[in-house]
file entry_1.json (JSON, C-alpha atoms)
[["chain", "number", "residue", "atom", "x", "y", "z"],
["A", 1, "MET", "CA", 154.28, -78.89, 116.75],
["A", 2, "ASN", "CA", 151.37, -80.21, 118.75],
["A", 3, "GLY", "CA", 149.61, -77.95, 121.19],
["A", 4, "THR", "CA", 149.73, -78.69, 124.92],
["A", 5, "LEU", "CA", 146.64, -78.57, 127.12],
["A", 6, "GLN", "CA", 146.44, -75.14, 128.78],
["A", 7, "SER", "CA", 146.71, -76.10, 132.43],
["A", 8, "VAL", "CA", 148.93, -75.67, 135.48],
["A", 9, "LEU", "CA", 148.73, -79.46, 135.77],
["A", 10, "HIS", "CA", 150.87, -79.92, 132.64],
["A", 11, "PRO", "CA", 154.06, -77.98, 133.47],
["A", 12, "ALA", "CA", 156.77, -77.50, 130.85],
["A", 13, "GLY", "CA", 159.08, -75.08, 132.65],
["A", 14, "PRO", "CA", 160.76, -74.71, 136.07],
["A", 15, "ASP", "CA", 158.37, -72.08, 137.42],
["A", 16, "ALA", "CA", 155.38, -74.05, 136.18],
["A", 17, "VAL", "CA", 156.66, -77.13, 138.04],
["A", 18, "ILE", "CA", 156.67, -75.19, 141.32],
["A", 19, "ILE", "CA", 153.19, -73.78, 140.68],
["A", 20, "HIS", "CA", 152.06, -77.31, 139.78],
["A", 21, "GLN", "CA", 153.29, -78.51, 143.19],
["A", 22, "PHE", "CA", 151.48, -75.62, 144.89],
["A", 23, "ALA", "CA", 148.26, -76.67, 143.18],
["A", 24, "TRP", "CA", 148.49, -80.32, 144.27],
["A", 25, "VAL", "CA", 149.45, -79.47, 147.83],
["A", 26, "MET", "CA", 146.53, -77.06, 148.13],
["A", 27, "PHE", "CA", 144.18, -79.60, 146.52],
["A", 28, "GLY", "CA", 145.37, -82.29, 148.91],
["A", 29, "ALA", "CA", 145.18, -80.13, 152.03],
["A", 30, "GLY", "CA", 141.71, -78.91, 151.07],
["A", 31, "ALA", "CA", 140.53, -82.46, 150.41],
["A", 32, "LEU", "CA", 141.78, -83.68, 153.80],
["A", 33, "ILE", "CA", 140.10, -80.80, 155.62],
["A", 34, "PHE", "CA", 136.86, -81.42, 153.74],
["A", 35, "VAL", "CA", 136.89, -85.12, 154.61],
["A", 36, "ALA", "CA", 137.63, -84.37, 158.27],
["A", 37, "VAL", "CA", 134.82, -81.80, 158.50],
["A", 38, "MET", "CA", 132.34, -84.17, 156.84],
["A", 39, "ALA", "CA", 133.34, -86.95, 159.24],
["A", 40, "LEU", "CA", 132.78, -84.69, 162.23],
["A", 41, "LEU", "CA", 129.45, -83.60, 160.78],
["A", 42, "MET", "CA", 128.30, -87.20, 160.42],
["A", 43, "LEU", "CA", 129.50, -87.94, 163.95],
["A", 44, "SER", "CA", 127.56, -85.00, 165.35],
["A", 45, "MET", "CA", 124.37, -86.22, 163.68],
["A", 46, "ARG", "CA", 124.42, -89.58, 165.40],
["A", 47, "ARG", "CA", 121.57, -89.68, 167.90],
["A", 48, "GLN", "CA", 123.51, -91.69, 170.44],
["A", 49, "ALA", "CA", 126.53, -89.42, 170.31],
["A", 50, "ARG", "CA", 127.28, -87.83, 173.66],
["A", 51, "PRO", "CA", 128.29, -84.18, 173.86],
["A", 52, "VAL", "CA", 132.00, -83.71, 174.52],
["A", 53, "ARG", "CA", 133.74, -80.87, 176.22],
["A", 54, "PRO", "CA", 133.31, -77.81, 173.92],
["A", 55, "ALA", "CA", 136.51, -76.18, 175.16],
["A", 56, "LEU", "CA", 138.54, -79.17, 173.99],
["A", 57, "TRP", "CA", 137.08, -78.99, 170.46],
["A", 58, "ILE", "CA", 137.60, -75.25, 170.27],
["A", 59, "ALA", "CA", 141.21, -75.51, 171.38],
["A", 60, "GLY", "CA", 142.01, -78.52, 169.19],
["A", 61, "ALA", "CA", 139.98, -78.19, 166.00],
["A", 62, "GLY", "CA", 139.40, -74.44, 166.13],
["A", 63, "VAL", "CA", 142.87, -73.21, 167.15],
["A", 64, "ALA", "CA", 145.64, -75.83, 167.18],
["A", 65, "PHE", "CA", 144.72, -77.61, 163.93],
["A", 66, "PRO", "CA", 144.48, -74.53, 161.66],
["A", 67, "VAL", "CA", 147.55, -72.94, 163.25],
["A", 68, "VAL", "CA", 149.69, -76.05, 162.67],
["A", 69, "LEU", "CA", 148.36, -76.67, 159.15],
["A", 70, "LEU", "CA", 148.57, -73.06, 157.95],
["A", 71, "THR", "CA", 152.03, -72.61, 159.48],
["A", 72, "ALA", "CA", 153.26, -75.71, 157.68],
["A", 73, "LEU", "CA", 151.76, -74.55, 154.37],
["A", 74, "LEU", "CA", 153.18, -71.04, 154.78],
["A", 75, "THR", "CA", 156.66, -72.35, 155.62],
["A", 76, "TRP", "CA", 156.71, -74.77, 152.69],
["A", 77, "SER", "CA", 155.28, -72.31, 150.15],
["A", 78, "THR", "CA", 157.69, -69.57, 151.22],
["A", 79, "TRP", "CA", 160.64, -71.94, 150.80],
["A", 80, "ARG", "CA", 159.45, -73.10, 147.37],
["A", 81, "SER", "CA", 158.73, -69.53, 146.25],
["A", 82, "THR", "CA", 162.38, -68.61, 146.74],
["A", 83, "GLN", "CA", 163.21, -71.15, 144.01],
["A", 84, "LEU", "CA", 161.16, -69.38, 141.33],
["A", 85, "VAL", "CA", 163.19, -67.94, 138.46],
["A", 86, "PRO", "CA", 164.18, -64.31, 139.21],
["A", 87, "GLN", "CA", 162.24, -61.75, 137.15],
["A", 88, "SER", "CA", 165.32, -60.19, 135.56],
["A", 89, "SER", "CA", 166.44, -59.37, 132.03],
["A", 90, "HIS", "CA", 170.08, -59.97, 133.00],
["A", 91, "LYS", "CA", 171.61, -62.63, 130.72],
["A", 92, "ALA", "CA", 168.22, -63.37, 129.17],
["A", 93, "LEU", "CA", 166.72, -62.93, 125.73],
["A", 94, "THR", "CA", 164.41, -59.92, 126.01],
["A", 95, "ILE", "CA", 161.11, -59.70, 124.13],
["A", 96, "SER", "CA", 158.66, -56.81, 124.38],
["A", 97, "VAL", "CA", 154.96, -57.64, 124.61],
["A", 98, "THR", "CA", 152.27, -54.97, 124.46],
["A", 99, "ALA", "CA", 148.67, -55.92, 125.21],
["A", 100, "LYS", "CA", 145.96, -54.18, 123.24],
["A", 101, "MET", "CA", 142.20, -54.59, 122.90],
["A", 102, "TRP", "CA", 142.12, -57.49, 121.95],
["A", 103, "TRP", "CA", 145.46, -58.74, 120.66],
["A", 104, "TRP", "CA", 149.17, -58.86, 121.50],
["A", 105, "GLU", "CA", 152.03, -57.00, 119.82],
["A", 106, "VAL", "CA", 155.37, -58.80, 120.14],
["A", 107, "ARG", "CA", 158.73, -57.17, 119.40],
["A", 108, "TYR", "CA", 162.12, -58.83, 119.04],
["A", 109, "HIS", "CA", 165.61, -57.44, 118.45],
["A", 110, "ASP", "CA", 167.55, -59.05, 115.63],
["A", 111, "PRO", "CA", 171.19, -59.31, 116.85],
["A", 112, "ALA", "CA", 172.50, -59.70, 113.28],
["A", 113, "SER", "CA", 171.01, -56.57, 111.72],
["A", 114, "GLY", "CA", 170.02, -54.62, 114.83],
["A", 115, "ARG", "CA", 166.54, -54.35, 113.34],
["A", 116, "GLU", "CA", 163.40, -54.48, 115.40],
["A", 117, "ILE", "CA", 161.11, -57.34, 114.40],
["A", 118, "VAL", "CA", 157.40, -56.90, 115.07],
["A", 119, "SER", "CA", 154.91, -59.76, 115.17],
["A", 120, "ALA", "CA", 151.56, -60.46, 116.79],
["A", 121, "ASN", "CA", 149.81, -63.01, 118.99],
["A", 122, "GLU", "CA", 152.72, -65.48, 119.06],
["A", 123, "ILE", "CA", 155.86, -65.49, 121.19],
["A", 124, "HIS", "CA", 158.66, -67.65, 119.81],
["A", 125, "ILE", "CA", 161.34, -68.66, 122.30],
["A", 126, "PRO", "CA", 164.34, -71.03, 122.37],
["A", 127, "THR", "CA", 164.11, -74.04, 124.67],
["A", 128, "GLY", "CA", 166.35, -74.32, 127.70],
["A", 129, "LYS", "CA", 167.02, -70.57, 127.91],
["A", 130, "ALA", "CA", 165.58, -67.85, 130.09],
["A", 131, "VAL", "CA", 163.43, -65.38, 128.18],
["A", 132, "TYR", "CA", 162.44, -62.08, 129.78],
["A", 133, "LEU", "CA", 159.18, -60.54, 128.62],
["A", 134, "GLY", "CA", 158.96, -56.78, 129.06],
["A", 135, "LEU", "CA", 155.21, -56.23, 129.49],
["A", 136, "ASN", "CA", 153.05, -53.17, 129.06],
["A", 137, "ALA", "CA", 149.52, -52.27, 127.95],
["A", 138, "ALA", "CA", 148.36, -49.70, 125.44],
["A", 139, "ASP", "CA", 144.83, -49.07, 126.69],
["A", 140, "VAL", "CA", 143.44, -50.86, 129.77],
["A", 141, "ILE", "CA", 144.83, -53.32, 132.31],
["A", 142, "HIS", "CA", 145.52, -56.76, 130.83],
["A", 143, "SER", "CA", 147.31, -59.80, 132.28],
["A", 144, "LEU", "CA", 149.53, -62.37, 130.58],
["A", 145, "TRP", "CA", 149.24, -65.97, 131.72],
["A", 146, "VAL", "CA", 150.78, -69.05, 130.09],
["A", 147, "PRO", "CA", 149.92, -71.73, 132.71],
["A", 148, "ASN", "CA", 152.27, -74.38, 131.30],
["A", 149, "LEU", "CA", 155.32, -72.12, 131.68],
["A", 150, "ALA", "CA", 154.89, -69.59, 134.50],
["A", 151, "GLY", "CA", 152.55, -67.58, 136.65],
["A", 152, "LYS", "CA", 150.59, -64.58, 135.44],
["A", 153, "ARG", "CA", 151.68, -60.96, 135.40],
["A", 154, "ASP", "CA", 149.52, -57.84, 135.11],
["A", 155, "MET", "CA", 150.13, -55.40, 132.25],
["A", 156, "ILE", "CA", 149.36, -51.82, 133.22],
["A", 157, "PRO", "CA", 149.24, -48.77, 130.91],
["A", 158, "GLY", "CA", 152.20, -46.49, 131.48],
["A", 159, "ARG", "CA", 154.19, -49.08, 133.44],
["A", 160, "VAL", "CA", 156.59, -51.82, 132.34],
["A", 161, "THR", "CA", 156.48, -55.09, 134.26],
["A", 162, "GLY", "CA", 158.42, -58.25, 133.58],
["A", 163, "LEU", "CA", 157.96, -62.00, 133.40],
["A", 164, "THR", "CA", 160.63, -64.65, 132.89],
["A", 165, "LEU", "CA", 159.76, -67.76, 130.89],
["A", 166, "ARG", "CA", 161.74, -70.90, 130.24],
["A", 167, "ALA", "CA", 160.48, -73.90, 128.30],
["A", 168, "ASP", "CA", 162.23, -77.19, 128.95],
["A", 169, "LYS", "CA", 160.93, -78.88, 125.80],
["A", 170, "PRO", "CA", 159.66, -77.84, 122.36],
["A", 171, "GLY", "CA", 155.96, -77.30, 122.00],
["A", 172, "VAL", "CA", 153.13, -74.83, 121.55],
["A", 173, "TYR", "CA", 151.78, -73.46, 124.83],
["A", 174, "ARG", "CA", 148.54, -71.49, 124.85],
["A", 175, "GLY", "CA", 148.30, -68.33, 126.89],
["A", 176, "GLN", "CA", 145.42, -66.05, 127.74],
["A", 177, "CYS", "CA", 144.63, -62.57, 128.98],
["A", 178, "ALA", "CA", 143.77, -63.17, 132.64],
["A", 179, "GLU", "CA", 142.36, -59.72, 133.51],
["A", 180, "TYR", "CA", 138.94, -58.70, 132.24],
["A", 181, "CYS", "CA", 139.56, -56.05, 129.58],
["A", 182, "GLY", "CA", 136.35, -55.66, 127.64],
["A", 183, "GLU", "CA", 133.95, -57.34, 125.25],
["A", 184, "GLN", "CA", 136.44, -59.76, 123.67],
["A", 185, "HIS", "CA", 138.52, -60.52, 126.77],
["A", 186, "ALA", "CA", 137.70, -64.24, 126.57],
["A", 187, "ARG", "CA", 138.96, -64.37, 122.98],
["A", 188, "MET", "CA", 142.31, -62.69, 123.57],
["A", 189, "ALA", "CA", 144.68, -65.63, 123.37],
["A", 190, "LEU", "CA", 148.29, -66.01, 122.35],
["A", 191, "HIS", "CA", 150.62, -68.95, 121.80],
["A", 192, "VAL", "CA", 154.18, -69.43, 123.00],
["A", 193, "VAL", "CA", 156.09, -71.50, 120.46],
["A", 194, "ALA", "CA", 159.19, -73.12, 122.00],
["A", 195, "LYS", "CA", 161.76, -74.55, 119.61],
["A", 196, "SER", "CA", 165.41, -75.52, 119.68],
["A", 197, "PRO", "CA", 167.90, -72.61, 119.77],
["A", 198, "GLU", "CA", 168.99, -73.40, 116.20],
["A", 199, "GLU", "CA", 165.41, -73.37, 114.94],
["A", 200, "PHE", "CA", 164.72, -70.16, 116.84],
["A", 201, "ASP", "CA", 167.73, -68.40, 115.29],
["A", 202, "ALA", "CA", 166.64, -69.50, 111.82],
["A", 203, "TRP", "CA", 163.08, -68.33, 112.47],
["A", 204, "LEU", "CA", 164.29, -64.94, 113.75],
["A", 205, "ALA", "CA", 166.43, -64.45, 110.63],
["A", 206, "ARG", "CA", 163.41, -65.15, 108.41],
["A", 207, "GLN", "CA", 161.27, -62.73, 110.40],
["A", 208, "ALA", "CA", 163.90, -60.00, 110.00],
["A", 209, "ALA", "CA", 163.60, -60.16, 106.20],
["A", 210, "PRO", "CA", 161.15, -57.88, 104.35],
["A", 211, "ALA", "CA", 157.90, -59.18, 102.95],
["A", 212, "ALA", "CA", 158.06, -61.74, 100.16],
["A", 213, "PRO", "CA", 157.54, -60.05, 96.75],
["A", 214, "ALA", "CA", 154.38, -60.56, 94.73],
["A", 215, "SER", "CA", 155.54, -63.08, 92.12],
["A", 216, "SER", "CA", 152.31, -63.77, 90.20],
["A", 217, "PRO", "CA", 149.37, -61.80, 88.78],
["A", 218, "VAL", "CA", 147.11, -63.00, 91.63],
["A", 219, "LEU", "CA", 149.59, -61.91, 94.28],
["A", 220, "GLU", "CA", 150.11, -58.61, 92.53],
["A", 221, "ARG", "CA", 146.38, -58.02, 92.48],
["A", 222, "GLY", "CA", 146.21, -58.86, 96.19],
["A", 223, "ARG", "CA", 149.02, -56.43, 96.94],
["A", 224, "ALA", "CA", 147.22, -53.72, 94.96],
["A", 225, "ALA", "CA", 143.98, -54.44, 96.83],
["A", 226, "PHE", "CA", 145.83, -54.04, 100.15],
["A", 227, "LEU", "CA", 146.94, -50.55, 99.13],
["A", 228, "GLU", "CA", 143.66, -49.55, 97.44],
["A", 229, "GLN", "CA", 141.66, -50.51, 100.54],
["A", 230, "ARG", "CA", 143.97, -48.33, 102.64],
["A", 231, "CYS", "CA", 144.90, -51.29, 104.86],
["A", 232, "GLN", "CA", 148.23, -49.54, 105.44],
["A", 233, "ALA", "CA", 146.38, -46.98, 107.55],
["A", 234, "CYS", "CA", 146.48, -49.57, 110.36],
["A", 235, "HIS", "CA", 148.87, -52.32, 109.23],
["A", 236, "THR", "CA", 152.52, -52.48, 108.26],
["A", 237, "ILE", "CA", 154.06, -54.76, 105.65],
["A", 238, "ARG", "CA", 157.79, -54.08, 105.59],
["A", 239, "GLY", "CA", 158.94, -53.22, 102.09],
["A", 240, "VAL", "CA", 155.37, -52.44, 100.98],
["A", 241, "ALA", "CA", 153.74, -50.08, 103.47],
["A", 242, "GLU", "CA", 155.25, -48.87, 106.72],
["A", 243, "TYR", "CA", 152.86, -46.20, 107.89],
["A", 244, "SER", "CA", 151.03, -47.40, 110.97],
["A", 245, "ARG", "CA", 151.07, -49.88, 113.83],
["A", 246, "LEU", "CA", 147.51, -49.43, 115.01],
["A", 247, "GLY", "CA", 146.89, -53.03, 114.01],
["A", 248, "PRO", "CA", 149.12, -56.11, 113.85],
["A", 249, "ASP", "CA", 152.22, -56.08, 111.63],
["A", 250, "LEU", "CA", 151.44, -58.26, 108.61],
["A", 251, "THR", "CA", 154.94, -58.65, 107.14],
["A", 252, "HIS", "CA", 154.96, -62.39, 107.86],
["A", 253, "VAL", "CA", 151.31, -62.95, 108.75],
["A", 254, "GLY", "CA", 151.16, -66.12, 106.63],
["A", 255, "SER", "CA", 153.58, -67.87, 108.99],
["A", 256, "ARG", "CA", 151.35, -67.46, 112.05],
["A", 257, "MET", "CA", 149.16, -70.28, 113.32],
["A", 258, "HIS", "CA", 146.09, -68.14, 114.04],
["A", 259, "ILE", "CA", 144.50, -64.81, 113.20],
["A", 260, "GLY", "CA", 142.32, -62.66, 115.44],
["A", 261, "ALA", "CA", 144.36, -63.55, 118.57],
["A", 262, "GLY", "CA", 143.54, -67.24, 118.46],
["A", 263, "VAL", "CA", 140.03, -66.95, 117.03],
["A", 264, "LEU", "CA", 140.67, -68.64, 113.66],
["A", 265, "ARG", "CA", 143.22, -71.06, 112.26],
["A", 266, "ASN", "CA", 145.29, -69.18, 109.71],
["A", 267, "HIS", "CA", 144.51, -70.13, 106.11],
["A", 268, "ARG", "CA", 143.24, -68.42, 102.97],
["A", 269, "GLY", "CA", 139.55, -68.93, 103.66],
["A", 270, "ALA", "CA", 139.82, -67.67, 107.23],
["A", 271, "LEU", "CA", 141.75, -64.61, 106.05],
["A", 272, "ALA", "CA", 139.10, -63.82, 103.46],
["A", 273, "GLY", "CA", 136.31, -64.17, 106.01],
["A", 274, "TRP", "CA", 138.14, -61.98, 108.50],
["A", 275, "ILE", "CA", 138.83, -59.25, 105.94],
["A", 276, "ALA", "CA", 135.22, -59.22, 104.74],
["A", 277, "ASP", "CA", 133.50, -59.17, 108.15],
["A", 278, "PRO", "CA", 135.69, -59.13, 111.27],
["A", 279, "GLN", "CA", 132.76, -57.85, 113.36],
["A", 280, "GLY", "CA", 130.79, -60.98, 112.55],
["A", 281, "ILE", "CA", 133.66, -63.14, 113.83],
["A", 282, "LYS", "CA", 134.86, -61.07, 116.78],
["A", 283, "PRO", "CA", 132.32, -58.34, 117.63],
["A", 284, "GLY", "CA", 133.81, -55.14, 118.97],
["A", 285, "VAL", "CA", 137.22, -55.32, 117.28],
["A", 286, "PHE", "CA", 138.46, -52.05, 115.86],
["A", 287, "MET", "CA", 138.98, -53.41, 112.33],
["A", 288, "PRO", "CA", 136.24, -52.40, 109.86],
["A", 289, "GLY", "CA", 134.95, -54.85, 107.30],
["A", 290, "SER", "CA", 135.71, -54.65, 103.56],
["A", 291, "GLN", "CA", 132.29, -55.60, 102.33],
["A", 292, "ASP", "CA", 132.63, -53.37, 99.25],
["A", 293, "LEU", "CA", 135.53, -55.49, 97.98],
["A", 294, "ASP", "CA", 134.57, -57.70, 95.02],
["A", 295, "GLY", "CA", 134.99, -61.45, 95.41],
["A", 296, "GLU", "CA", 137.97, -61.83, 93.10],
["A", 297, "SER", "CA", 139.91, -59.02, 94.77],
["A", 298, "LEU", "CA", 139.03, -60.42, 98.21],
["A", 299, "ARG", "CA", 140.39, -63.85, 97.27],
["A", 300, "ALA", "CA", 143.50, -62.25, 95.78],
["A", 301, "LEU", "CA", 144.10, -60.22, 98.94],
["A", 302, "ALA", "CA", 143.70, -63.30, 101.14],
["A", 303, "THR", "CA", 146.08, -65.24, 98.86],
["A", 304, "TYR", "CA", 148.61, -62.41, 99.06],
["A", 305, "LEU", "CA", 148.49, -62.31, 102.87],
["A", 306, "GLU", "CA", 148.73, -66.10, 103.08],
["A", 307, "HIS", "CA", 151.96, -66.10, 101.07],
["A", 308, "LEU", "CA", 153.66, -63.61, 103.44],
["A", 309, "LYS", "CA", 155.73, -66.18, 105.33]]
call {"tool": "encode", "arguments": {"input": "entry_1.json", "output": "structure tokens"}}
result
Amino acid sequence: MNGTLQSVLHPAGPDAVIIHQFAWVMFGAGALIFVAVMALLMLSMRRQARPVRPALWIAGAGVAFPVVLLTALLTWSTWRSTQLVPQSSHKALTISVTAKMWWWEVRYHDPASGREIVSANEIHIPTGKAVYLGLNAADVIHSLWVPNLAGKRDMIPGRVTGLTLRADKPGVYRGQCAEYCGEQHARMALHVVAKSPEEFDAWLARQAAPAAPASSPVLERGRAAFLEQRCQACHTIRGVAEYSRLGPDLTHVGSRMHIGAGVLRNHRGALAGWIADPQGIKPGVFMPGSQDLDGESLRALATYLEHLK
């Protein structure tokens, strides 16, 4: 799937269409006011211009004009706001999203097995259906914003808020943390991947499965390196190590488009670089580097993670 430019001017959902209209109306109204003010300024600078009655200008331009314009904008925006999708989990697919410094934990419920599926930094949704995101934060205040699909919603520690998304067409829509949350706030991205309902169901079934087994000596060595380096102290791989969720779940990490919350495209070389020195790529992250890992084991570990799809 091709990515879509992250902008309110490229809507792909019903709420985004309304916000898109808000943006253009505000741009247009602001442009008209600017042009009118500049015209009056130029008129006032003409040497031959005669002074007019100040009371008339105050009553017309200072009172009547802003009252009429702002009343019209308020009436129209209030009417359009009532047409936004209700923020309700009723009859909607529910996905839990927890914001952390500086990544996103995403949880799904598999209706077939009843199992909870945990992923990171990507939200997969079916097109044409309402999806309710249950939002919370684990540390500081964050904010989820996917401009192509909906408005933004704050994520506050100890409180669950909600946001309803609906994508009208398949695509990859980039989102961003929109509330300053620390050193790597600007590099805390996520992607919403919208696909047909059939493709979504197939994807969810694959995600519910345990990790793919190590089927070669290289993969086996990578799996052993994962355990020897105590990666399971922070990461889970279902069927291999299920001890901690301090860091992203890696059961199907090879199927994700990016690592580091949008910092790097996901491939073997990027995985190896991230494992060896995450601080050099994203300073301030909580993951320590594995600089004591020999080159062959590092490549094997990256290969093992890449094959977890």
call {"tool": "residues_around", "arguments": {"input": "entry_1.json", "residues": "Glu122 of chain A", "least_positions_apart": "2", "cutoff": "6 Å", "atoms": "all atoms listed in the file", "output": "MDAnalysis selection string"}}
result
chainID A and resid 120 190:192
call {"tool": "residues_around", "arguments": {"input": "entry_1.json", "residues": "segment 273-287 of chain A", "least_positions_apart": "5", "cutoff": "12 Å", "atoms": "only C-alpha atoms", "output": "MDAnalysis selection string"}}
result
chainID A and resid 100:103 182:188 225:226 229 231 233:235 246:248 258:268 292:295 297:303 305
call {"tool": "residues_around", "arguments": {"input": "entry_1.json", "residues": "Pro147 of chain A", "least_positions_apart": "5", "cutoff": "10 Å", "atoms": "all atoms listed in the file", "output": "compact mmCIF listing (two decimals) with C-alpha atoms, in the frame of the given file"}}
result
# COMPACT_ATOMS: atom_id res chain seq x y z
CA LEU A 5 146.64 -78.57 127.12
CA GLN A 6 146.44 -75.14 128.78
CA SER A 7 146.71 -76.10 132.43
CA VAL A 8 148.93 -75.67 135.48
CA LEU A 9 148.73 -79.46 135.77
CA HIS A 10 150.87 -79.92 132.64
CA PRO A 11 154.06 -77.98 133.47
CA ALA A 12 156.77 -77.50 130.85
CA GLY A 13 159.08 -75.08 132.65
CA ASP A 15 158.37 -72.08 137.42
CA ALA A 16 155.38 -74.05 136.18
CA ILE A 19 153.19 -73.78 140.68
CA HIS A 20 152.06 -77.31 139.78
CA LYS A 152 150.59 -64.58 135.44
CA TYR A 173 151.78 -73.46 124.83
CA ARG A 174 148.54 -71.49 124.85
CA GLY A 175 148.30 -68.33 126.89
CA GLN A 176 145.42 -66.05 127.74
call {"tool": "closest_residue", "arguments": {"input": "entry_1.json", "among": "A:Leu73, A:Val68, A:Ile117, A:Leu163", "to": "Gln207 of chain A", "atoms": "all atoms listed in the file"}}
result
A:Ile117
call {"tool": "residues_around", "arguments": {"input": "entry_1.json", "residues": "Leu135 of chain A", "least_positions_apart": "6", "cutoff": "10 Å", "atoms": "only C-alpha atoms", "output": "PyMOL selection string"}}
result
chain A and resi 95-99+106+142-144+153-157+159-163
call {"tool": "atom_distance", "arguments": {"input": "entry_1.json", "atom1": "atom CA of Trp104 of chain A", "atom2": "atom CA of Arg256 of chain A"}}
result
13.0 Å
call {"tool": "closest_atom_pairs", "arguments": {"input": "entry_1.json", "of": "segment 197-292 of chain A", "to": "segment 110-113 of chain A", "cutoff": "12 Å", "atoms": "all atoms listed in the file", "output": "JSON lines"}}
result
{"residue": "A:Phe200", "atom": "CA", "partner": "A:Asp110", "partner_atom": "CA", "distance": 11.5}
{"residue": "A:Asp201", "atom": "CA", "partner": "A:Asp110", "partner_atom": "CA", "distance": 9.4}
{"residue": "A:Ala202", "atom": "CA", "partner": "A:Asp110", "partner_atom": "CA", "distance": 11.2}
{"residue": "A:Trp203", "atom": "CA", "partner": "A:Asp110", "partner_atom": "CA", "distance": 10.8}
{"residue": "A:Leu204", "atom": "CA", "partner": "A:Asp110", "partner_atom": "CA", "distance": 7.0}
{"residue": "A:Ala205", "atom": "CA", "partner": "A:Asp110", "partner_atom": "CA", "distance": 7.4}
{"residue": "A:Arg206", "atom": "CA", "partner": "A:Asp110", "partner_atom": "CA", "distance": 10.3}
{"residue": "A:Gln207", "atom": "CA", "partner": "A:Asp110", "partner_atom": "CA", "distance": 9.0}
{"residue": "A:Ala208", "atom": "CA", "partner": "A:Asp110", "partner_atom": "CA", "distance": 6.8}
{"residue": "A:Ala209", "atom": "CA", "partner": "A:Ser113", "partner_atom": "CA", "distance": 9.9}
call {"tool": "atom_distance", "arguments": {"input": "entry_1.json", "atom1": "atom CA of Ala137 of chain A", "atom2": "atom CA of Cys181 of chain A"}}
result
10.8 Å
call {"tool": "closest_residue", "arguments": {"input": "entry_1.json", "among": "A:Pro197, A:Gly158, A:Pro54, A:Gly289", "to": "Val131 of chain A", "atoms": "all atoms listed in the file"}}
result
A:Pro197
call {"tool": "closest_residue", "arguments": {"input": "entry_1.json", "among": "A:Lys169, A:Gln83, A:Glu296, A:Val193", "to": "Arg221 of chain A", "atoms": "only C-alpha atoms"}}
result
A:Glu296
call {"tool": "closest_residue", "arguments": {"input": "entry_1.json", "among": "A:Ser244, A:Ser44, A:Ser77, A:Thr164", "to": "Ser89 of chain A", "atoms": "all atoms listed in the file"}}
result
A:Thr164
call {"tool": "closest_residue", "arguments": {"input": "entry_1.json", "among": "A:Gly28, A:Glu306, A:Leu40, A:His90", "to": "Trp57 of chain A", "atoms": "only C-alpha atoms"}}
result
A:Leu40
call {"tool": "decode", "arguments": {"input": "entry_1.json", "residues": "segment 209-221 of chain A", "atoms": "N, CA and C atoms", "output": "compact mmCIF listing (two decimals), in the first residue's frame"}}
result
# COMPACT_ATOMS: atom_id res chain seq x y z
N ALA A 209 -1.63 -16.02 15.81
CA ALA A 209 -0.79 -17.22 15.87
C ALA A 209 0.48 -16.93 16.65
N PRO A 210 1.10 -17.96 17.25
CA PRO A 210 2.38 -17.75 17.93
C PRO A 210 3.49 -17.44 16.94
N ALA A 211 4.65 -17.15 17.46
CA ALA A 211 5.79 -16.80 16.62
C ALA A 211 6.17 -17.97 15.72
N ALA A 212 6.64 -17.63 14.51
CA ALA A 212 7.11 -18.66 13.59
C ALA A 212 8.33 -19.36 14.18
N PRO A 213 8.41 -20.70 14.07
CA PRO A 213 9.55 -21.42 14.67
C PRO A 213 10.85 -21.13 13.92
N ALA A 214 11.95 -21.31 14.63
CA ALA A 214 13.27 -21.17 14.01
C ALA A 214 13.55 -22.42 13.20
N SER A 215 13.59 -22.29 11.88
CA SER A 215 13.66 -23.45 11.00
C SER A 215 15.01 -23.62 10.30
N SER A 216 16.04 -22.92 10.78
CA SER A 216 17.37 -23.05 10.18
C SER A 216 18.40 -22.76 11.26
N PRO A 217 19.66 -23.17 11.05
CA PRO A 217 20.70 -22.90 12.06
C PRO A 217 20.86 -21.41 12.35
N VAL A 218 20.74 -20.55 11.32
CA VAL A 218 20.88 -19.11 11.54
C VAL A 218 19.75 -18.59 12.42
N LEU A 219 18.54 -19.01 12.12
CA LEU A 219 17.40 -18.58 12.92
C LEU A 219 17.49 -19.11 14.34
N GLU A 220 17.96 -20.33 14.49
CA GLU A 220 18.12 -20.89 15.82
C GLU A 220 19.16 -20.12 16.62
N ARG A 221 20.23 -19.74 15.94
CA ARG A 221 21.24 -18.94 16.63
C ARG A 221 20.68 -17.57 17.02
